[in-house]
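Chemist: What follows is a structure written as structure tokens; I'll ask about it next.
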Amino acid sequence: MRIARLVNAWFALEGRDLPWRRPGFTAWGTLVSEIMLQQTPVARVVPRLEAWLERWPTPAALASEPPGEAVRAWDRLGYPRRALALHAAATQIAERHGNVVPEDVDALLALPGIGDYTARAVAVFAYGHRHPVVDTNVRRVIARALLGRGEAGPPSTRRDLAAMEALLPADPAEARVTNAAVMELGAIVCTARAPRCDVCPLAELCAWRAAGYPAYDGPKAAVQKKFEGSDRQVRGLIMAELRAADVPVTAAEIETVWPDAAQRARAVDGLLRDGLAVQVDGGYTLP
DNA sequence: TAGACGTGGAC
DNA sequence: TGTCCAAGTCT
């Protein structure tokens, strides 16, 4: 297929040199990187990933420590429930999969914190299986180049996977590169805000470009709510306290992080419910 | 299925 | 300064 040939050639020349693309990078490393990359930019992930893998080179190594250590090492990557899920996944891999990251999509999907994207990313990038891998970058490239729309609109797993599947070469090794290449194209050329069509390998065949870049008029993705003053911000502030402390954080100390008592209570309750904090004698700690 | 869920860089 | 958005998952 023409598109695969074009993006694969472009990727060989322009793809970034990233840790998870190094030869010999482990399946465990791929799994950790993919979870860190969920909704988090590459530049923030790289240093955390390298420190993480140095400390915990295998699932069993991570599983041997308390989940709170994973949350602490997660630092400020955001969405710390991912750290908790990764610890739980490592525990299951160590106990039920012989300390080997599973390679089947279904087995990967059964692990906590691993959904449609991550399961396929691990099966494809770590093990070379032939599946479509669809993330937000892929959806945008397909929307523009093939459908002539400026934005991808709301996701539909079945439709999105079918669209990417149609682009993949038959050979698994080539299909693997195509998955990485389309993702990379969306990440550094066909970007959401300011696409660099002048250097795009698909410019000549891009339906959006051919149509004169029509404004997107389809269903809008949900608008992200304001972070300042949100419960999410309060949770983040409390988690920062818990990460920094090596003794229980007292209720009085938590009161100092946010003035609104009701909002504070909601945040603490949520963190306890999520297992990101535990109540102990004298206050709260990481699990 | 829409909304919750962190954090910080870019414009 | 404020808005947008970043390799999603879970409920």
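If you're wondering about the labels, chains in the structure tokens are A, B, ... by order shown, residues count from 1 in each chain, ligands from 1 in order shown.
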Taking only C-alpha atoms (C1' of nucleotides) into account, report as a ChimeraX atom specification which residues of chain A lie within 8 Å of chain B.
Modeler: /A:76-80,232-233,236
Chemist: Kindly export the residues of the current selection with N, CA and C atoms, as a JSON list (two decimals), in the first residue's frame.
Modeler:
[["chain", "number", "residue", "atom", "x", "y", "z"],
["A", 76, "ARG", "N", 5.87, 13.44, 39.24],
["A", 76, "ARG", "CA", 4.85, 14.35, 38.75],
["A", 76, "ARG", "C", 4.41, 14.03, 37.34],
["A", 77, "LEU", "N", 4.43, 12.76, 36.97],
["A", 77, "LEU", "CA", 3.98, 12.41, 35.63],
["A", 77, "LEU", "C", 2.48, 12.64, 35.46],
["A", 78, "GLY", "N", 1.75, 12.68, 36.57],
["A", 78, "GLY", "CA", 0.32, 12.88, 36.47],
["A", 78, "GLY", "C", -0.46, 11.58, 36.43],
["A", 79, "TYR", "N", -1.76, 11.65, 36.75],
["A", 79, "TYR", "CA", -2.60, 10.45, 36.80],
["A", 79, "TYR", "C", -1.90, 9.33, 37.57],
["A", 80, "PRO", "N", -1.64, 9.52, 38.86],
["A", 80, "PRO", "CA", -0.87, 8.54, 39.62],
["A", 80, "PRO", "C", -1.55, 7.18, 39.76],
["A", 232, "ARG", "N", -9.36, 17.87, 40.96],
["A", 232, "ARG", "CA", -8.13, 17.23, 40.47],
["A", 232, "ARG", "C", -6.91, 17.96, 41.00],
["A", 233, "GLN", "N", -6.99, 19.29, 41.04],
["A", 233, "GLN", "CA", -5.86, 20.04, 41.55],
["A", 233, "GLN", "C", -5.64, 19.72, 43.03],
["A", 236, "GLY", "N", -4.05, 16.43, 43.47],
["A", 236, "GLY", "CA", -2.64, 16.53, 43.11],
["A", 236, "GLY", "C", -1.80, 17.13, 44.22]]
Chemist: Using only C-alpha atoms (C1' of nucleotides), find each residue in chain A having at least one atom no more than 8 Å away from chain C; report its shortest atom-to-atom pair and that distance in Å (one decimal), rows by chain then rising number, as CSV.
Modeler:
residue,atom,partner,partner_atom,distance
A:Glu34,CA,C:DA7,C1',6.5
A:Leu37,CA,C:DA7,C1',5.2
A:Gln38,CA,C:DG8,C1',5.2
A:Gln39,CA,C:DA6,C1',5.0
A:Thr40,CA,C:DA6,C1',5.1
A:Pro41,CA,C:DA6,C1',5.1
A:Gly113,CA,C:DT9,C1',6.1
A:Ile114,CA,C:DT9,C1',7.1
A:Gly115,CA,C:DT9,C1',6.1
A:Tyr117,CA,C:DG8,C1',7.3
A:Asp135,CA,C:DA7,C1',6.2
A:Thr136,CA,C:DA7,C1',7.6
A:Asn137,CA,C:DA7,C1',7.8
A:Met183,CA,C:DA7,C1',7.6
Chemist: Can you tell me which residues surround segment 241-244 of chain A at a distance of at most 7 Å, considering only C-alpha atoms (C1' of nucleotides), apart from same-chain residues fewer than 5 positions away, and format the answer as a list in words?
Modeler: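 Counting only C-alpha atoms (C1' of nucleotides), the residues come to Arg72, Val249, Thr285 and Leu286 of chain A.
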Chemist: May I have the residues within 9 Å of Ala181 of chain A as an MDAnalysis selection string, using only C-alpha atoms (C1' of nucleotides) and disregarding those fewer than 2 positions away in the same chain?
Modeler: chainID A and resid 4 7:12 15 176:179 183:186
Chemist: Could you write out that same residue set with C-alpha atoms as a JSON list (two decimals), in the first residue's frame?
Modeler:
[["chain", "number", "residue", "atom", "x", "y", "z"],
["A", 4, "ALA", "CA", 2.59, 2.52, 4.29],
["A", 7, "VAL", "CA", 5.39, 6.72, 5.97],
["A", 8, "ASN", "CA", 7.81, 3.84, 6.50],
["A", 9, "ALA", "CA", 10.41, 5.53, 4.31],
["A", 10, "TRP", "CA", 9.83, 8.84, 6.08],
["A", 11, "PHE", "CA", 10.11, 7.17, 9.49],
["A", 12, "ALA", "CA", 13.46, 5.59, 8.65],
["A", 15, "GLY", "CA", 11.81, 9.08, 13.32],
["A", 176, "ARG", "CA", 5.04, -2.74, 12.99],
["A", 177, "VAL", "CA", 7.00, 0.08, 11.38],
["A", 178, "THR", "CA", 3.85, 1.50, 9.80],
["A", 179, "ASN", "CA", 2.14, 1.63, 13.18],
["A", 183, "MET", "CA", 1.94, 7.61, 15.20],
["A", 184, "GLU", "CA", 5.20, 9.50, 14.80],
["A", 185, "LEU", "CA", 3.83, 11.47, 11.87],
["A", 186, "GLY", "CA", 0.91, 12.61, 13.98]]
Chemist: I need the helix (DSSP H, G or I) residues of segment 23-249 of chain A per DSSP on the backbone, written as number ranges by chain.
Modeler: A: 27-36, 42-55, 59-63, 67-74, 81-96, 105-109, 116-126, 136-146, 157-165, 172-188, 197-199, 203-205, 207-210, 231-244
